[in-house]
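Remarks on the structure that follows.
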Amino acid sequence: MTNTDKTVVVLGATGQQGGSVAAALRADGWAVRAIVRDPSGHRARSLSALGVETVRGDLGDPDSLRAAFTGAHGVFSVQPNSGQSGADVTDEDEVRFGAAVAETAGHCGVAHLVYNSAITAGSTTGVDHLDTKNRIEAHVRNLGTAGTIIRPATFMELLVTPATGLDRGHLSFLMRPDQAMQFIAVRDIGRIVAAVFGSPDRYAGRTMEIAGDTLTGNALAEHLTRAAGQKISYSRLPTTPLAQGEVLGKLEALVDDGRLAGSSDLDALRAEFPFLLRFDRWLAGPGAGLLAEALRS
Ligand SMILES: NC(=O)c1ccc[n+]([C@@H]2O[C@H](COP(=O)([O-])OP(=O)(O)OC[C@H]3O[C@@H](n4cnc5c(N)ncnc54)[C@H](OP(=O)(O)O)[C@@H]3O)[C@@H](O)[C@H]2O)c1
């Protein structure tokens, strides 16, 4: 059987990671079925143009999951998270959605489930919107069906959002200027997931931390200065004593103790996934448009 004979159902395909996964699976010849809330929306229509089958469904509607999973070989599971700007979900929603996907995949006889977790999921962090992933991972591990858990590092895309200050020639982020943190391009998450579905014997049962580059704040500034053609400086996001108890302070503490900074073996990952982009290559490629937008925002 070739990939073309098998269907992978992709959640969140109108979003960043699901979109990247759908595109990479199509490029590898899989039949892809995307569960979307609005099949007539422009993002769903872009998926159709890629040859993706779009079916109406909702993570909160198990019947729609069951209908979409029936007959599928694989499912890519990603959920919205309360920590994202504009998200209209609670932490309990996310866990309920993630558990429903895993359980329904099991009931429908799906052969391979890939769950998109987070780099911090190895331990309890005290940040509720990160600890949701630990709870969903437990559901995936308890399944009878084969599962792969991927834990992506922080997205490179987060460094060039209009909110990071680049339009003023400055970047503020979570690490100190001399402190290293790992990042990954969203494009590469899709390519890794496609590789995982392509080699189930190799990846079923594995939990994998994934990243494409390790960068200090100072290195980020150097890369951004070169790519932007103008001086970009760097400083750590300021936290107030009050913020220490709040999410930003907790996130910086998780960078300091290494859990959010990431510790993937990049040489081993690059040997396995040679396409992984370093930040400079990402800035010159998939990130170029985002950087230009952030500079002029
Ligand atoms: N490592 C990092 O740096 C990082 C950064 C950001 C996020 N994350 C994690 O990534 C996850 C989100 O992934 P993402 O950023 O790729 O997503 P995203 O771009 O925010 O898109 C969310 C996707 O979920 C879909 N969705 C939302 N509610 C739904 C529902 N009730 N039923 C069905 N689909 C629904 C949306 O569909 P519609 O088009 O219908 O809205 C959209 O496709 C979160 O769990 C978050 O913790 C990690």
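Convention: chains lettered A, B, ... in structure tokens order; per-chain residue numbering from 1; ligands numbered from 1 as shown.
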Exercise for the section: With a distance cut-off of 10 Å and only C-alpha atoms, select the neighbouring residues of stretch 62-78 of chain A, excluding the residue or stretch itself and same-chain residues fewer than 2 positions from it, and output the selection as a PyMOL selection string. Expected result: chain A and resi 3+5-13+15+17-18+21-22+31-35+54-60+80-81+94+97-117+146-149+193-194+197
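In the backbone-derived DSSP annotation, strand (DSSP E) within stretch 48-105 of chain A comprises A:Glu53, A:Thr54, A:Val55, A:Arg56, A:Gly74, A:Val75, A:Phe76, A:Ser77.
For the pair atom CA of A:Asp188 and atom CA of A:Ile210, the separation is 9.3 Å.
You will find atom CA of A:Gly258 at 16.8 Å from atom 48 (C, counted along the ligand's line) of ligand 1.
We find atom CA of A:Glu252 and atom CA of A:Ala227 to be spaced 26.5 Å apart.
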Practice task
Name all residues at most 10 Å from A:Phe275 (count only C-alpha atoms; drop same-chain ones fewer than 2 positions away) and give them as a ChimeraX atom specification.
Solution key: /A:187-188,191-192,212,269-273,277-278
Practice task
Check stretch 97-165 of chain A with DSSP on the backbone and list each residue it calls helix (DSSP H, G or I), as a ChimeraX atom specification.
Solution key: /A:97-107,128-141,156-160,162-164
Exercise for the section: Point out the residue among A:Gln230, A:Thr225, A:Asn218, A:Thr14 with the least atom-to-atom distance to ligand 1, counting only C-alpha atoms and all ligand atoms. Expected result: A:Thr14
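Compared by their closest atoms to ligand 1, and using only C-alpha atoms and all ligand atoms, the residues A:Ala138, A:Leu290, A:Met175, A:Val36 rank with A:Val36 nearest.
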